[in-house]
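Down below is the structure, laid out as structure tokens.
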Amino acid sequence: MEGHPFTWVKSRGTAHAIEERLDRALVSHEWWDNFPDAKLTNLLASCSDHSPILLQCDPTHRISHKSYRFRFENVWLKEDELIDVVNQSWNAVDNGEVLHRISNCAKELSIWNKVNYKEKSHNLALHMAAMEAARMANDEGAAGRFF
């Protein structure tokens, strides 16, 4: 497994924190022969005492941007200008076909999202990096207790 060595924590943030490696992946020899480059990664979780683990059967395979699908984000509903973006993009289509209107709306919302959430995405990345650094620093200071 790559990343943080422990997948579970009890009493996080206290002097009595305990970390263990509870979550694992189990494969057979036949499976390993079919996926010799598989990679198991311990990911960061902020809301759970268990860390998610990601199994990639072909970690060198990248998903191309051509397979991007539009996803509506519920957080957008909190933004006052959302209704204006939807109305303008919906009414900007000359022909009244619903699929063209939906496609244009998705395109405009994606552009609007990139402009309005660029700083928020950057801040999220900074906070996730800080969480990972804090988790690793906690391990370095307490490494002797676990081995």
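Order determines the names: the first chain of the structure tokens is A, the second B, and so forth; residues in each chain are numbered 1 upward, and ligands are numbered 1 upward as they are shown.
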(message) Excluding stretch 72-81 of chain A and its own-chain neighbours fewer than 2 positions away, which residues fall within 10 Å of it when counting only C-alpha atoms? Please give them as a PyMOL selection string.
(response) chain A and resi 69-70+83-86+106+109-110+112-113+116-117
How would the residues just picked look written out with all heavy atoms as an mmCIF file, in the first residue's frame?
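What follows is the written file again_11.cif:
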```cif
data_model
loop_
_atom_site.group_PDB
_atom_site.id
_atom_site.type_symbol
_atom_site.label_atom_id
_atom_site.label_comp_id
_atom_site.auth_asym_id
_atom_site.auth_seq_id
_atom_site.Cartn_x
_atom_site.Cartn_y
_atom_site.Cartn_z
ATOM 1 N N ARG A 69 -17.754 14.198 -18.277
ATOM 2 C CA ARG A 69 -19.208 14.324 -18.226
ATOM 3 C C ARG A 69 -19.552 15.480 -17.318
ATOM 4 O O ARG A 69 -18.960 15.655 -16.260
ATOM 5 C CB ARG A 69 -19.852 13.058 -17.684
ATOM 6 C CG ARG A 69 -19.786 11.914 -18.631
ATOM 7 C CD ARG A 69 -20.580 10.769 -18.075
ATOM 8 N NE ARG A 69 -20.582 9.699 -19.050
ATOM 9 C CZ ARG A 69 -21.315 8.634 -18.946
ATOM 10 N NH1 ARG A 69 -22.086 8.470 -17.902
ATOM 11 N NH2 ARG A 69 -21.272 7.713 -19.869
ATOM 12 N N PHE A 70 -20.527 16.236 -17.716
ATOM 13 C CA PHE A 70 -20.971 17.349 -16.906
ATOM 14 C C PHE A 70 -21.639 16.821 -15.648
ATOM 15 O O PHE A 70 -22.420 15.884 -15.689
ATOM 16 C CB PHE A 70 -21.965 18.208 -17.704
ATOM 17 C CG PHE A 70 -22.611 19.267 -16.860
ATOM 18 C CD1 PHE A 70 -21.922 20.424 -16.551
ATOM 19 C CD2 PHE A 70 -23.895 19.111 -16.370
ATOM 20 C CE1 PHE A 70 -22.507 21.403 -15.763
ATOM 21 C CE2 PHE A 70 -24.486 20.077 -15.589
ATOM 22 C CZ PHE A 70 -23.794 21.227 -15.285
ATOM 23 N N ILE A 83 -29.028 31.222 -11.263
ATOM 24 C CA ILE A 83 -30.253 31.291 -12.069
ATOM 25 C C ILE A 83 -30.036 32.139 -13.315
ATOM 26 O O ILE A 83 -30.562 31.837 -14.388
ATOM 27 C CB ILE A 83 -31.463 31.787 -11.225
ATOM 28 C CG1 ILE A 83 -32.774 31.549 -11.970
ATOM 29 C CG2 ILE A 83 -31.305 33.236 -10.837
ATOM 30 C CD1 ILE A 83 -33.169 30.107 -12.034
ATOM 31 N N ASP A 84 -29.219 33.195 -13.213
ATOM 32 C CA ASP A 84 -28.920 34.033 -14.378
ATOM 33 C C ASP A 84 -28.111 33.260 -15.415
ATOM 34 O O ASP A 84 -28.379 33.367 -16.616
ATOM 35 C CB ASP A 84 -28.163 35.289 -13.960
ATOM 36 C CG ASP A 84 -28.997 36.228 -13.102
ATOM 37 O OD1 ASP A 84 -30.245 36.201 -13.246
ATOM 38 O OD2 ASP A 84 -28.411 36.963 -12.288
ATOM 39 N N VAL A 85 -27.129 32.491 -14.963
ATOM 40 C CA VAL A 85 -26.315 31.694 -15.889
ATOM 41 C C VAL A 85 -27.192 30.680 -16.611
ATOM 42 O O VAL A 85 -27.110 30.529 -17.834
ATOM 43 C CB VAL A 85 -25.159 30.981 -15.147
ATOM 44 C CG1 VAL A 85 -24.401 30.045 -16.073
ATOM 45 C CG2 VAL A 85 -24.222 31.987 -14.517
ATOM 46 N N VAL A 86 -28.064 30.018 -15.879
ATOM 47 C CA VAL A 86 -28.945 29.012 -16.483
ATOM 48 C C VAL A 86 -29.903 29.682 -17.473
ATOM 49 O O VAL A 86 -30.054 29.218 -18.610
ATOM 50 C CB VAL A 86 -29.730 28.237 -15.399
ATOM 51 C CG1 VAL A 86 -30.791 27.350 -16.025
ATOM 52 C CG2 VAL A 86 -28.775 27.408 -14.547
ATOM 53 N N ALA A 106 -24.955 23.237 -19.884
ATOM 54 C CA ALA A 106 -23.850 22.509 -19.251
ATOM 55 C C ALA A 106 -22.518 23.160 -19.579
ATOM 56 O O ALA A 106 -21.662 23.325 -18.698
ATOM 57 C CB ALA A 106 -23.861 21.053 -19.706
ATOM 58 N N LEU A 109 -22.317 26.492 -17.625
ATOM 59 C CA LEU A 109 -22.134 26.248 -16.194
ATOM 60 C C LEU A 109 -20.716 25.771 -15.892
ATOM 61 O O LEU A 109 -20.145 26.133 -14.858
ATOM 62 C CB LEU A 109 -23.161 25.230 -15.682
ATOM 63 C CG LEU A 109 -24.563 25.781 -15.470
ATOM 64 C CD1 LEU A 109 -25.545 24.638 -15.197
ATOM 65 C CD2 LEU A 109 -24.598 26.791 -14.332
ATOM 66 N N SER A 110 -20.145 24.988 -16.784
ATOM 67 C CA SER A 110 -18.765 24.532 -16.595
ATOM 68 C C SER A 110 -17.808 25.712 -16.638
ATOM 69 O O SER A 110 -16.880 25.798 -15.820
ATOM 70 C CB SER A 110 -18.388 23.512 -17.670
ATOM 71 O OG SER A 110 -19.149 22.343 -17.524
ATOM 72 N N TRP A 112 -18.608 28.895 -16.032
ATOM 73 C CA TRP A 112 -18.914 29.692 -14.845
ATOM 74 C C TRP A 112 -18.268 29.072 -13.602
ATOM 75 O O TRP A 112 -17.708 29.770 -12.762
ATOM 76 C CB TRP A 112 -20.437 29.786 -14.689
ATOM 77 C CG TRP A 112 -20.904 30.415 -13.424
ATOM 78 C CD1 TRP A 112 -20.978 31.749 -13.135
ATOM 79 C CD2 TRP A 112 -21.386 29.732 -12.259
ATOM 80 N NE1 TRP A 112 -21.470 31.937 -11.867
ATOM 81 C CE2 TRP A 112 -21.728 30.707 -11.315
ATOM 82 C CE3 TRP A 112 -21.559 28.390 -11.938
ATOM 83 C CZ2 TRP A 112 -22.237 30.383 -10.057
ATOM 84 C CZ3 TRP A 112 -22.063 28.073 -10.696
ATOM 85 C CH2 TRP A 112 -22.398 29.060 -9.771
ATOM 86 N N ASN A 113 -18.317 27.753 -13.494
ATOM 87 C CA ASN A 113 -17.717 27.055 -12.362
ATOM 88 C C ASN A 113 -16.208 27.285 -12.308
ATOM 89 O O ASN A 113 -15.656 27.561 -11.247
ATOM 90 C CB ASN A 113 -18.017 25.555 -12.450
ATOM 91 C CG ASN A 113 -17.405 24.782 -11.308
ATOM 92 O OD1 ASN A 113 -17.643 25.064 -10.153
ATOM 93 N ND2 ASN A 113 -16.584 23.797 -11.644
ATOM 94 N N ASN A 116 -15.623 30.949 -11.137
ATOM 95 C CA ASN A 116 -16.067 31.275 -9.784
ATOM 96 C C ASN A 116 -15.505 30.379 -8.697
ATOM 97 O O ASN A 116 -15.469 30.786 -7.541
ATOM 98 C CB ASN A 116 -17.597 31.259 -9.708
ATOM 99 C CG ASN A 116 -18.185 32.419 -10.451
ATOM 100 O OD1 ASN A 116 -17.942 33.566 -10.104
ATOM 101 N ND2 ASN A 116 -18.918 32.136 -11.507
ATOM 102 N N TYR A 117 -15.098 29.183 -9.046
ATOM 103 C CA TYR A 117 -14.626 28.256 -8.023
ATOM 104 C C TYR A 117 -13.140 27.972 -8.121
ATOM 105 O O TYR A 117 -12.626 27.112 -7.424
ATOM 106 C CB TYR A 117 -15.425 26.945 -8.075
ATOM 107 C CG TYR A 117 -16.791 27.116 -7.469
ATOM 108 C CD1 TYR A 117 -17.855 27.570 -8.226
ATOM 109 C CD2 TYR A 117 -16.991 26.875 -6.123
ATOM 110 C CE1 TYR A 117 -19.103 27.756 -7.649
ATOM 111 C CE2 TYR A 117 -18.229 27.056 -5.546
ATOM 112 C CZ TYR A 117 -19.281 27.492 -6.318
ATOM 113 O OH TYR A 117 -20.506 27.680 -5.741
#
```
(request) Report as a list in words: the residues of chain A with a DSSP assignment of strand (DSSP E), based on the backbone of this structure. (result)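 Restricting chain A to strand (DSSP E) produces Glu2, Gly3, Trp8, Val9, Lys10, Ile18, Glu19, Glu20, Lys39, Leu40, Thr41, Asn42, Ile53, Leu54, Leu55 and Gln56 of chain A.
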Would you write out, as JSON lines, a table of all residues in stretch 2-108 of chain A that have an atom no more than 10 Å from an atom of stretch 130-138 of chain A, listing for each the closest atom pair and the distance in Å to one decimal, considering only C-alpha atoms and ordering rows by chain and rising residue number?
```
{"residue": "A:Gly3", "atom": "CA", "partner": "A:Met136", "partner_atom": "CA", "distance": 9.5}
{"residue": "A:His4", "atom": "CA", "partner": "A:Met136", "partner_atom": "CA", "distance": 7.2}
{"residue": "A:Pro5", "atom": "CA", "partner": "A:Met136", "partner_atom": "CA", "distance": 9.5}
{"residue": "A:Arg12", "atom": "CA", "partner": "A:Arg135", "partner_atom": "CA", "distance": 9.9}
{"residue": "A:Gly13", "atom": "CA", "partner": "A:Asn138", "partner_atom": "CA", "distance": 9.4}
{"residue": "A:Ala17", "atom": "CA", "partner": "A:Asn138", "partner_atom": "CA", "distance": 9.6}
{"residue": "A:Leu43", "atom": "CA", "partner": "A:Glu132", "partner_atom": "CA", "distance": 9.4}
{"residue": "A:Leu44", "atom": "CA", "partner": "A:Glu132", "partner_atom": "CA", "distance": 6.9}
{"residue": "A:Ala45", "atom": "CA", "partner": "A:Met131", "partner_atom": "CA", "distance": 9.1}
{"residue": "A:Ser46", "atom": "CA", "partner": "A:Met131", "partner_atom": "CA", "distance": 8.1}
```
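If you measure from each of A:Thr7, A:Ser28, A:Thr14, A:Ser89 to A:His50 using only C-alpha atoms, the closest one turns out to be A:Thr7.
Across A:Leu54, A:Cys105, A:Val98, A:Val93, the tightest approach to A:Arg71 is made by A:Cys105 when counting only C-alpha atoms.
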(request) For stretch 32-37 of chain A, list every protein, DNA or RNA residue within 7 Å, evaluated using only C-alpha atoms, and leave out those in the same chain fewer than 5 positions away; present the list as a PyMOL selection string. (result) chain A and resi 27+57-58
